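As stored in input_4.txt (compact mmCIF, C-alpha atoms):
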```
# COMPACT_ATOMS: atom_id res chain seq x y z
CA MET A 1 60.86 108.42 125.60
CA LYS A 2 63.32 110.95 124.34
CA ALA A 3 66.68 109.51 123.40
CA PRO A 4 69.62 111.44 124.86
CA ALA A 5 71.07 113.76 122.23
CA ILE A 6 74.47 112.80 120.85
CA ASP A 7 76.84 115.40 119.52
CA LYS A 8 77.42 115.37 115.76
CA LYS A 9 81.17 115.16 116.34
CA VAL A 10 80.67 111.92 118.19
CA LEU A 11 78.50 110.54 115.43
CA TYR A 12 81.17 111.47 112.89
CA ALA A 13 83.78 109.79 115.04
CA TYR A 14 81.74 106.58 114.93
CA LEU A 15 81.53 106.79 111.14
CA GLU A 16 85.27 107.37 110.94
CA GLU A 17 85.63 103.68 111.83
CA ILE A 18 84.08 102.63 108.51
CA LYS A 19 86.59 102.17 105.73
CA ASP A 20 86.24 102.25 101.97
CA PRO A 21 86.17 98.57 100.93
CA GLU A 22 88.38 99.26 97.88
CA ILE A 23 90.91 101.51 99.64
CA PRO A 24 90.82 100.23 103.20
CA VAL A 25 93.18 102.89 104.60
CA LEU A 26 90.60 105.59 103.93
CA SER A 27 87.54 106.07 106.06
CA ILE A 28 84.29 107.23 104.52
CA ILE A 29 84.88 110.52 106.35
CA ASP A 30 88.35 110.93 104.75
CA LEU A 31 86.73 110.41 101.36
CA GLY A 32 84.01 112.97 101.95
CA ILE A 33 81.27 110.44 101.21
CA VAL A 34 79.30 111.27 104.36
CA ARG A 35 77.36 114.47 103.78
CA ASP A 36 75.38 114.57 107.01
CA VAL A 37 74.38 112.55 110.03
CA VAL A 38 71.46 113.46 112.26
CA MET A 39 69.86 111.71 115.21
CA ASN A 40 66.18 112.40 115.76
CA GLU A 41 64.29 112.41 119.08
CA GLU A 42 63.39 108.73 118.79
CA GLY A 43 67.06 107.90 118.52
CA GLU A 44 66.86 107.02 114.82
CA LEU A 45 69.90 107.86 112.79
CA ASP A 46 69.71 109.51 109.35
CA VAL A 47 72.96 109.17 107.46
CA THR A 48 73.28 110.95 104.11
CA ILE A 49 75.97 109.64 101.80
CA THR A 50 76.95 110.42 98.23
CA ALA A 51 78.58 108.21 95.61
CA THR A 52 82.03 109.08 94.32
CA TYR A 53 81.17 107.83 90.83
CA THR A 54 77.60 106.97 89.78
CA GLY A 55 78.49 103.34 89.18
CA CYS A 56 80.72 102.85 92.22
CA PRO A 57 80.01 99.26 93.31
CA ALA A 58 81.30 100.00 96.81
CA MET A 59 78.27 102.13 97.72
CA ASP A 60 76.01 99.23 98.66
CA MET A 61 78.77 97.73 100.78
CA ILE A 62 79.39 101.05 102.48
CA ALA A 63 75.69 101.46 103.27
CA ALA A 64 75.62 97.94 104.73
CA ALA A 65 78.75 98.63 106.79
CA ILE A 66 77.20 101.80 108.21
CA ARG A 67 74.12 99.86 109.31
CA VAL A 68 76.15 97.10 110.93
CA GLU A 69 78.48 99.52 112.74
CA MET A 70 75.64 101.69 114.00
CA HIS A 71 73.48 98.77 115.08
CA THR A 72 76.46 97.38 116.98
CA LEU A 73 76.79 100.71 118.77
CA GLY A 74 73.13 100.44 119.82
CA PHE A 75 71.27 102.56 117.30
CA LYS A 76 68.08 100.64 116.57
CA LYS A 77 67.09 102.28 113.32
CA VAL A 78 69.50 103.62 110.72
CA ASN A 79 68.15 105.34 107.60
CA ILE A 80 70.58 105.74 104.73
CA ARG A 81 69.85 108.51 102.27
CA TYR A 82 71.66 109.00 98.99
CA ALA A 83 72.40 112.53 97.85
CA ILE A 84 73.26 113.22 94.21
CA SER A 85 73.65 116.98 94.41
CA PRO A 86 76.04 118.65 94.94
CA ALA A 87 78.14 116.17 93.01
CA TRP A 88 80.97 114.58 94.97
CA THR A 89 84.39 116.06 94.39
CA THR A 90 87.91 115.13 95.49
CA GLU A 91 88.02 118.61 97.08
CA TRP A 92 86.10 117.00 99.94
CA MET A 93 88.87 114.53 100.64
CA SER A 94 90.58 115.36 103.93
CA LYS A 95 94.29 116.25 104.22
CA GLU A 96 94.71 113.26 106.45
CA GLY A 97 93.06 111.17 103.75
CA LYS A 98 95.54 112.37 101.14
CA ARG A 99 98.45 111.58 103.45
CA LYS A 100 97.12 108.09 104.10
CA LEU A 101 96.60 107.51 100.37
CA LYS A 102 100.23 108.29 99.61
CA GLU A 103 101.43 106.09 102.42
CA TYR A 104 99.32 103.29 100.97
CA GLY A 105 101.02 103.72 97.56
CA ILE A 106 98.36 105.74 95.74
CA ALA A 107 99.16 109.24 94.47
CA ALA A 108 96.63 111.70 95.92
CA PRO A 109 94.48 113.99 93.74
CA ASP A 110 96.53 116.95 92.55
CA LYS A 111 94.86 119.99 90.97
CA ARG A 112 97.73 120.44 88.50
CA PHE A 113 96.69 117.08 87.06
CA SER A 114 92.93 117.54 86.92
CA ILE A 115 93.38 116.10 83.43
CA PRO A 116 95.78 113.18 83.99
CA ALA A 117 99.14 113.71 82.26
CA ASP A 118 102.76 112.66 82.71
CA GLY A 119 104.45 113.97 85.86
CA VAL A 120 102.26 112.99 88.81
CA GLU A 121 104.57 112.49 91.80
CA CYS A 122 105.47 108.85 92.41
CA PRO A 123 104.15 107.89 95.87
CA ARG A 124 107.13 105.57 96.44
CA CYS A 125 110.23 107.56 95.42
CA ASN A 126 108.70 111.07 94.99
CA SER A 127 110.07 111.40 91.45
CA VAL A 128 108.02 113.47 89.01
CA ASN A 129 109.61 111.62 86.10
CA THR A 130 106.51 109.48 85.67
CA ARG A 131 104.21 108.59 82.82
CA LEU A 132 100.52 108.10 82.39
CA ILE A 133 99.65 104.58 81.25
CA SER A 134 95.86 104.86 81.23
CA GLU A 135 93.24 107.30 82.49
CA PHE A 136 91.25 104.31 83.71
CA GLY A 137 92.66 102.19 86.50
CA SER A 138 91.72 99.37 88.83
CA THR A 139 88.65 101.30 90.05
CA ALA A 140 86.60 104.11 88.52
CA CYS A 141 88.35 106.74 90.64
CA LYS A 142 91.94 105.93 89.68
CA ALA A 143 94.32 106.29 86.72
CA LEU A 144 97.31 104.05 86.08
CA TYR A 145 100.87 105.40 86.07
CA GLN A 146 104.43 104.17 86.00
CA CYS A 147 107.50 105.81 87.51
CA ASN A 148 110.41 106.11 85.07
CA ASP A 149 112.94 106.28 87.92
CA CYS A 150 111.99 103.51 90.33
CA MET A 151 109.97 101.72 87.60
CA GLU A 152 107.09 100.97 89.97
CA PRO A 153 103.60 101.11 88.51
CA PHE A 154 101.19 103.08 90.71
CA ASP A 155 97.62 104.34 90.91
CA TYR A 156 96.70 108.02 90.88
CA PHE A 157 93.44 109.05 92.54
CA LYS A 158 91.93 111.28 89.85
CA CYS A 159 90.65 114.80 90.53
CA HIS A 160 86.91 114.77 90.22
CA MET B 1 53.81 116.51 81.23
CA SER B 2 54.55 114.02 83.99
CA GLU B 3 54.29 111.11 81.57
CA SER B 4 56.64 112.82 79.14
CA LEU B 5 59.13 113.41 81.91
CA ILE B 6 58.99 109.70 82.81
CA ASN B 7 59.45 108.69 79.17
CA TYR B 8 62.30 111.10 78.72
CA THR B 9 64.03 109.83 81.87
CA LEU B 10 63.58 106.26 80.63
CA HIS B 11 65.03 107.26 77.26
CA LEU B 12 68.16 108.65 78.95
CA ALA B 13 68.42 105.59 81.19
CA ASP B 14 67.94 103.12 78.34
CA ASN B 15 70.69 104.80 76.30
CA ALA B 16 73.09 104.40 79.20
CA LEU B 17 72.07 100.84 80.09
CA ILE B 18 72.18 99.45 76.56
CA LEU B 19 75.52 101.02 75.69
CA GLY B 20 76.90 99.95 79.07
CA GLN B 21 75.77 96.39 78.40
CA ARG B 22 77.25 96.45 74.89
CA ASN B 23 80.62 97.71 76.08
CA SER B 24 80.70 95.17 78.88
CA GLU B 25 80.96 92.46 76.20
CA TRP B 26 84.64 93.44 76.03
CA CYS B 27 85.26 92.45 79.64
CA GLY B 28 88.15 89.98 79.50
CA HIS B 29 88.50 90.43 75.71
CA GLY B 30 89.99 93.93 75.32
CA PRO B 31 92.98 94.35 72.99
CA VAL B 32 95.32 94.95 75.95
CA LEU B 33 94.71 94.80 79.67
CA GLU B 34 94.68 98.59 80.24
CA GLN B 35 92.10 99.12 77.50
CA ASP B 36 90.01 96.21 78.69
CA ILE B 37 89.89 97.99 82.05
CA ALA B 38 89.10 101.32 80.39
CA ILE B 39 86.12 100.09 78.38
CA THR B 40 84.68 98.19 81.34
CA ASN B 41 85.14 101.27 83.55
CA ILE B 42 83.15 103.22 80.97
CA SER B 43 80.48 100.50 81.08
CA LEU B 44 80.34 100.82 84.83
CA ASP B 45 79.90 104.60 84.64
CA LEU B 46 77.10 104.17 82.11
CA ILE B 47 75.33 101.56 84.21
CA GLY B 48 75.72 103.87 87.22
CA GLN B 49 74.03 106.65 85.28
CA ALA B 50 71.29 104.25 84.21
CA ARG B 51 70.68 103.28 87.84
CA SER B 52 70.27 106.90 89.00
CA LEU B 53 67.91 107.59 86.12
CA TYR B 54 65.84 104.42 86.58
CA GLN B 55 65.53 105.13 90.31
CA TYR B 56 64.20 108.58 89.50
CA ALA B 57 61.79 107.25 86.85
CA ALA B 58 60.54 104.58 89.28
CA GLU B 59 59.90 107.21 91.95
CA LYS B 60 57.85 109.28 89.48
CA MET B 61 55.95 106.23 88.21
CA ASN B 62 55.07 105.02 91.70
CA ALA B 63 53.90 108.49 92.69
CA ALA B 64 51.69 108.69 89.58
CA ALA B 65 50.25 105.19 90.03
CA GLY B 66 49.21 105.44 93.67
CA LYS B 67 49.75 102.73 96.26
CA GLU B 68 47.45 99.98 94.97
CA HIS B 69 49.82 99.22 92.08
CA PRO B 70 52.86 97.04 92.54
CA ALA B 71 55.92 99.18 93.07
CA VAL B 72 58.18 99.87 90.13
CA THR B 73 61.92 99.69 90.88
CA GLU B 74 65.11 100.30 88.93
CA ASP B 75 65.32 96.53 88.49
CA THR B 76 61.81 96.02 87.14
CA LEU B 77 62.46 98.80 84.62
CA ALA B 78 65.68 97.18 83.41
CA TYR B 79 64.55 93.56 83.52
CA TYR B 80 60.84 93.39 82.79
CA ARG B 81 60.22 95.80 79.96
CA THR B 82 59.96 94.51 76.40
CA GLU B 83 61.80 95.65 73.29
CA ARG B 84 59.08 98.07 72.21
CA GLU B 85 59.16 99.73 75.63
CA PHE B 86 62.88 100.55 75.42
CA LYS B 87 63.57 104.07 74.17
CA ASN B 88 67.31 104.00 73.53
CA CYS B 89 68.78 105.37 70.32
CA LEU B 90 69.62 102.83 67.61
CA LEU B 91 73.30 103.79 67.85
CA THR B 92 73.66 102.33 71.34
CA GLU B 93 72.30 98.88 70.44
CA GLN B 94 74.46 98.22 67.36
CA PRO B 95 76.84 95.26 67.73
CA ARG B 96 80.22 96.03 69.28
CA GLY B 97 81.95 95.06 66.01
CA ASP B 98 85.72 95.35 66.13
CA TRP B 99 87.64 97.76 68.38
CA ALA B 100 87.34 100.52 65.75
CA GLN B 101 83.53 100.28 65.78
CA THR B 102 83.41 100.19 69.56
CA VAL B 103 85.57 103.28 70.07
CA LEU B 104 83.91 105.21 67.22
CA ARG B 105 80.42 104.54 68.58
CA GLN B 106 81.65 105.59 72.03
CA PHE B 107 83.07 108.77 70.54
CA PHE B 108 79.82 109.65 68.72
CA PHE B 109 77.79 108.93 71.82
CA SER B 110 80.08 110.58 74.37
CA THR B 111 80.23 113.75 72.27
CA TYR B 112 76.44 113.75 72.23
CA GLN B 113 76.17 113.06 75.97
CA TYR B 114 78.74 115.73 76.74
CA TYR B 115 76.66 118.49 75.15
CA LEU B 116 73.37 116.99 76.32
CA TYR B 117 74.39 116.87 79.98
CA GLN B 118 75.77 120.38 79.79
CA GLN B 119 72.30 121.53 78.76
CA LEU B 120 70.48 119.29 81.22
CA GLN B 121 72.48 120.71 84.12
CA GLN B 122 70.43 123.88 83.64
CA TYR B 123 67.13 122.04 83.23
CA ALA B 124 64.14 122.98 85.42
CA ASP B 125 63.78 119.46 86.81
CA THR B 126 66.36 119.53 89.59
CA ASN B 127 66.73 115.74 89.81
CA LEU B 128 67.63 115.38 86.15
CA ALA B 129 69.90 118.41 86.45
CA ALA B 130 71.72 116.83 89.42
CA ILE B 131 72.20 113.50 87.63
CA ALA B 132 73.49 115.36 84.56
CA GLU B 133 75.92 117.41 86.64
CA LYS B 134 77.33 114.32 88.30
CA SER B 135 77.52 112.27 85.10
CA LEU B 136 79.18 115.02 83.11
CA LYS B 137 82.41 114.57 85.08
CA GLU B 138 82.54 110.95 83.97
CA VAL B 139 81.53 111.66 80.38
CA SER B 140 84.45 114.08 80.02
CA TYR B 141 86.79 111.13 80.51
CA HIS B 142 84.87 108.95 78.05
CA LEU B 143 85.03 111.68 75.44
CA ARG B 144 88.76 112.24 75.82
CA TRP B 145 89.50 108.53 75.76
CA SER B 146 87.36 107.77 72.71
CA SER B 147 88.64 110.85 70.79
CA GLU B 148 92.20 109.69 71.31
CA TRP B 149 91.37 106.22 70.01
CA VAL B 150 89.61 107.54 66.89
CA ILE B 151 92.70 109.64 66.12
CA ARG B 152 95.12 106.80 66.89
CA LEU B 153 93.35 104.33 64.61
CA GLY B 154 92.31 106.78 61.87
CA ASP B 155 95.82 108.22 61.61
CA GLY B 156 97.51 104.88 62.27
CA THR B 157 98.43 101.98 60.01
CA ASP B 158 96.77 101.08 56.71
CA GLU B 159 94.78 98.42 58.48
CA SER B 160 93.64 100.57 61.40
CA ASN B 161 92.68 103.34 58.98
CA ARG B 162 90.70 100.90 56.83
CA ARG B 163 88.87 99.55 59.88
CA MET B 164 88.04 103.03 61.12
CA LYS B 165 86.66 103.99 57.70
CA GLU B 166 84.50 100.89 57.71
CA ALA B 167 83.26 101.81 61.18
CA VAL B 168 82.31 105.29 59.96
CA ASN B 169 80.40 103.77 57.03
CA GLU B 170 78.62 101.39 59.35
CA LEU B 171 77.68 103.80 62.14
CA TRP B 172 77.14 107.20 60.56
CA ARG B 173 73.56 106.37 59.59
CA TYR B 174 72.61 106.04 63.28
CA THR B 175 73.91 109.46 64.35
CA GLY B 176 71.02 111.50 62.90
CA GLU B 177 68.52 110.06 65.37
CA LEU B 178 70.34 111.65 68.31
CA PHE B 179 69.11 115.05 67.19
CA VAL B 180 65.52 114.27 66.15
CA PRO B 181 63.15 115.05 69.03
CA ALA B 182 60.75 112.32 70.14
CA PRO B 183 57.17 113.36 71.08
CA TYR B 184 58.08 113.32 74.79
CA GLU B 185 61.00 115.68 74.19
CA LYS B 186 58.78 118.04 72.21
CA GLU B 187 56.24 118.13 75.02
CA LEU B 188 58.95 118.97 77.53
CA GLY B 189 60.37 121.67 75.29
CA ILE B 190 63.69 119.85 74.94
CA ASP B 191 65.30 120.22 71.53
CA PRO B 192 68.21 117.83 70.97
CA GLY B 193 68.64 119.40 67.53
CA SER B 194 70.08 122.47 69.22
CA MET B 195 73.25 120.48 70.00
CA GLN B 196 73.84 119.21 66.50
CA ALA B 197 76.14 122.05 65.43
CA ASP B 198 78.38 121.58 68.48
CA TRP B 199 78.41 117.82 67.96
CA MET B 200 79.37 118.21 64.30
CA LYS B 201 82.10 120.69 65.13
CA LYS B 202 83.73 118.31 67.62
CA VAL B 203 83.37 115.30 65.29
CA SER B 204 84.83 117.26 62.36
CA ALA B 205 87.81 118.41 64.44
CA VAL B 206 88.62 114.89 65.63
CA PHE B 207 88.05 113.41 62.16
CA GLU B 208 90.43 115.94 60.64
CA GLU B 209 93.15 114.94 63.07
CA ALA B 210 92.33 111.30 62.41
CA THR B 211 92.55 111.84 58.60
CA LEU B 212 88.94 110.68 58.25
CA GLN B 213 86.24 112.18 56.04
CA VAL B 214 82.94 113.33 57.46
CA PRO B 215 80.41 111.46 55.24
CA GLU B 216 78.12 113.22 52.79
CA LYS B 217 74.49 113.67 53.76
CA ILE B 218 72.90 110.22 53.78
CA PHE B 219 69.58 108.73 54.85
CA MET B 220 69.46 108.47 58.64
CA GLN B 221 67.85 105.55 60.48
CA THR B 222 65.45 106.48 63.27
CA GLY B 223 62.91 104.76 65.51
CA GLY B 224 64.73 103.68 68.65
CA LYS B 225 63.59 106.64 70.72
CA THR B 226 59.97 105.62 70.16
CA GLY B 227 60.55 101.88 70.62
CA VAL B 228 61.05 100.78 67.01
CA HIS B 229 64.41 99.06 67.15
CA SER B 230 66.86 97.22 64.92
CA GLU B 231 67.02 93.42 65.21
CA HIS B 232 69.93 93.72 67.64
CA LEU B 233 68.09 94.97 70.71
CA GLY B 234 66.12 91.76 71.20
CA TYR B 235 69.33 89.76 71.54
CA ILE B 236 70.76 92.18 74.09
CA LEU B 237 67.60 92.03 76.19
CA THR B 238 67.49 88.26 76.00
CA GLU B 239 70.92 88.09 77.59
CA LEU B 240 70.40 91.00 79.97
CA GLN B 241 66.99 89.84 81.24
CA TYR B 242 67.43 86.07 81.13
CA VAL B 243 67.95 85.40 84.83
CA GLN B 244 65.15 87.69 86.04
CA ARG B 245 62.76 86.35 83.41
CA THR B 246 63.55 82.75 84.34
CA TYR B 247 63.59 83.23 88.12
CA PRO B 248 61.45 86.35 88.68
CA GLY B 249 62.53 88.41 91.66
CA CYS B 250 65.58 86.29 92.44
CA GLU B 251 68.36 87.94 94.45
CA TRP B 252 71.93 87.03 95.22
```
The structure in this file should be written as structure tokens.
Amino acid sequence: MKAPAIDKKVLYAYLEEIKDPEIPVLSIIDLGIVRDVVMNEEGELDVTITATYTGCPAMDMIAAAIRVEMHTLGFKKVNIRYAISPAWTTEWMSKEGKRKLKEYGIAAPDKRFSIPADGVECPRCNSVNTRLISEFGSTACKALYQCNDCMEPFDYFKCH
Amino acid sequence: MSESLINYTLHLADNALILGQRNSEWCGHGPVLEQDIAITNISLDLIGQARSLYQYAAEKMNAAAGKEHPAVTEDTLAYYRTEREFKNCLLTEQPRGDWAQTVLRQFFFSTYQYYLYQQLQQYADTNLAAIAEKSLKEVSYHLRWSSEWVIRLGDGTDESNRRMKEAVNELWRYTGELFVPAPYEKELGIDPGSMQADWMKKVSAVFEEATLQVPEKIFMQTGGKTGVHSEHLGYILTELQYVQRTYPGCEW
């Protein structure tokens, strides 16, 4: 029996519900991790995702979360495919995603700081009088900063 | 050709896994918290690269073997091969030493990987090219970080300078192997020697800033790429493989 076709937009909306386990304000759509989702005639779902960094430990959790969410919605079979190329880039992060990052206290990727340096805008007080502490932060995708004005330490989501 | 491609992929994967494992020894022991996090992040990137490469090698090996053979996976490649089957360069398996040795080895290796992945991005095998393209973004960070440390310690205090000089004396002899092609590289038409000039240029520039001398021509140790290792690899594998060797196939 042919399964009724479901619009891609709807499928994407379902996936929007799945959050990054390390930055729970961002969905996997905001992050640009989902490269494609297709439903075939048997109603099986093919979801193609890509890792942010090769060693990102969240990938297995994200794949598991996609299966659980989609099974809950009634999809019987969910195939997860991993794409390596083209390589993930922060250019794929949505505007909404960047806004949510800042609200959460993480400075969003900024092209002027594709190589991390002093001056990334503090997500708390908006000062640019900030300094780079380390290019490696609490996860592979972030660098560690401190604001010289409000003194708060903060993470910067690195351009990639 | 196919066997050489598998061996070459394993060589790249082994380099990344063994250095990743070595660097991970610093987890919880780094000189300061931020640098502890940095070196373990680098380990994670390397192990991520190793995973992509092992997955690709396993796919090729399974395709070549046909279905009657037990399936090879990234895990069986990491956990069930013996010392002589590992094809990593000797440089990656050397003990972590002090912080100077760790950052200098990372600098030598990241410089090498940086030029290697730039070339591999253009390689005819699209899977290897894709892995190289993705990894290169991460390696750029490793290279910047390790260069800065070599300069900071070389051009630092008397003690840091002494330690960095000792690290150069200890590790230089393992850098030659990076550029000597193994039989599988020759068969694939890959010449790592073509990167040596670029590597030397970068190392010389950083050494100059770090007030360090590039050593005179010395005898270079080789063998790792064809499975003839120093005594250190066995100890790494013992630790790395212990659980899977003791409880084969266990998961958690």
> Between atom CA of Phe179 of chain B and atom CA of Gln196 of chain B, what is the distance, to one decimal in Å?
Replying inline: 6.3 Å
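Within 8 Å of chain A, and using only C-alpha atoms, the residues found on chain B are Glu34, Gln35, Ile37, Ala38, Asn41, Leu44, Asp45, Leu46, Ile47, Gly48, Gln49, Arg51, Ser52, Ala130, Ile131, Glu133, Lys134, Ser135, Lys137, Glu138, Tyr141 and Trp145 of chain B.
Atom pair atom CA of Cys122 of chain A / atom CA of Lys158 of chain A: separated by 14.0 Å.
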> atom CA of Gln121 of chain B to atom CA of Glu74 of chain B: how many Å, to one decimal?
Replying inline: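 Taking atom CA of Gln121 of chain B as the start and atom CA of Glu74 of chain B as the end point, the length is 22.2 Å.
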>> Using only C-alpha atoms, which protein or nucleic acid residues come within 9 Å of Met70 of chain A? Drop anything in the same chain fewer than 6 positions from it, and give the result as a ChimeraX atom specification.
In response: /A:14-15,45,76-78
Output the selection as a short mmCIF file (atom, residue, chain, number, x, y, z; two decimals), keeping the file's coordinate frame - C-alpha atoms for each residue.
```cif
data_model
loop_
_atom_site.label_atom_id
_atom_site.label_comp_id
_atom_site.auth_asym_id
_atom_site.auth_seq_id
_atom_site.Cartn_x
_atom_site.Cartn_y
_atom_site.Cartn_z
CA TYR A 14 81.74 106.58 114.93
CA LEU A 15 81.53 106.79 111.14
CA LEU A 45 69.90 107.86 112.79
CA LYS A 76 68.08 100.64 116.57
CA LYS A 77 67.09 102.28 113.32
CA VAL A 78 69.50 103.62 110.72
#
```
> Need the neighbours of (108.5, 107.6, 88.1): which residues are at most 6 Å away, counting all atoms listed in the file, as a list in words?
Replying inline: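 Selection result: Cys122, Ser127, Val128, Asn129, Thr130, Gln146, Cys147, Asn148, Asp149 and Cys150 of chain A.
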Could you please take those selected residues and save C-alpha atoms as a PDB file, in the frame of the given file?
```pdb
ATOM      1  CA  CYS A 122     105.470 108.850  92.410  1.00  0.00           C
ATOM      2  CA  SER A 127     110.070 111.400  91.450  1.00  0.00           C
ATOM      3  CA  VAL A 128     108.020 113.470  89.010  1.00  0.00           C
ATOM      4  CA  ASN A 129     109.610 111.620  86.100  1.00  0.00           C
ATOM      5  CA  THR A 130     106.510 109.480  85.670  1.00  0.00           C
ATOM      6  CA  GLN A 146     104.430 104.170  86.000  1.00  0.00           C
ATOM      7  CA  CYS A 147     107.500 105.810  87.510  1.00  0.00           C
ATOM      8  CA  ASN A 148     110.410 106.110  85.070  1.00  0.00           C
ATOM      9  CA  ASP A 149     112.940 106.280  87.920  1.00  0.00           C
ATOM     10  CA  CYS A 150     111.990 103.510  90.330  1.00  0.00           C
TER      11      CYS A 150
END
```
>> Need to verify the contact set: segment 14-21 of chain B, 9 Å, only C-alpha atoms, exclusion of same-chain residues closer than 5 positions in sequence. Can you return it as a VMD selection string?
In response: chain B and resid 9 40 42 to 51 53 to 54 78 86 to 94 106 233 236 to 237 240
Would you kindly return, as a CSV table (one decimal) with C-alpha atoms, in the frame of the given file, each protein, DNA or RNA residue with an atom no farther than 12 Å from any atom of Asp7 of chain A, considering only C-alpha atoms and excluding same-chain residues fewer than 6 positions away?
```csv
chain,number,residue,atom,x,y,z
A,13,ALA,CA,83.8,109.8,115.0
A,14,TYR,CA,81.7,106.6,114.9
A,37,VAL,CA,74.4,112.6,110.0
A,38,VAL,CA,71.5,113.5,112.3
A,39,MET,CA,69.9,111.7,115.2
A,40,ASN,CA,66.2,112.4,115.8
```
> Between B:Ala63, B:Ala100, B:Leu116, B:Ile6, which is the closest to Arg163 of chain B once you count only C-alpha atoms?
Replying inline: B:Ala100
> Contacts of Tyr12 of chain A at 9 Å or less, counting all atoms listed in the file, minus same-chain residues fewer than 6 places along, as a VMD selection string?
Replying inline: chain A and resid 29 34 36 to 37
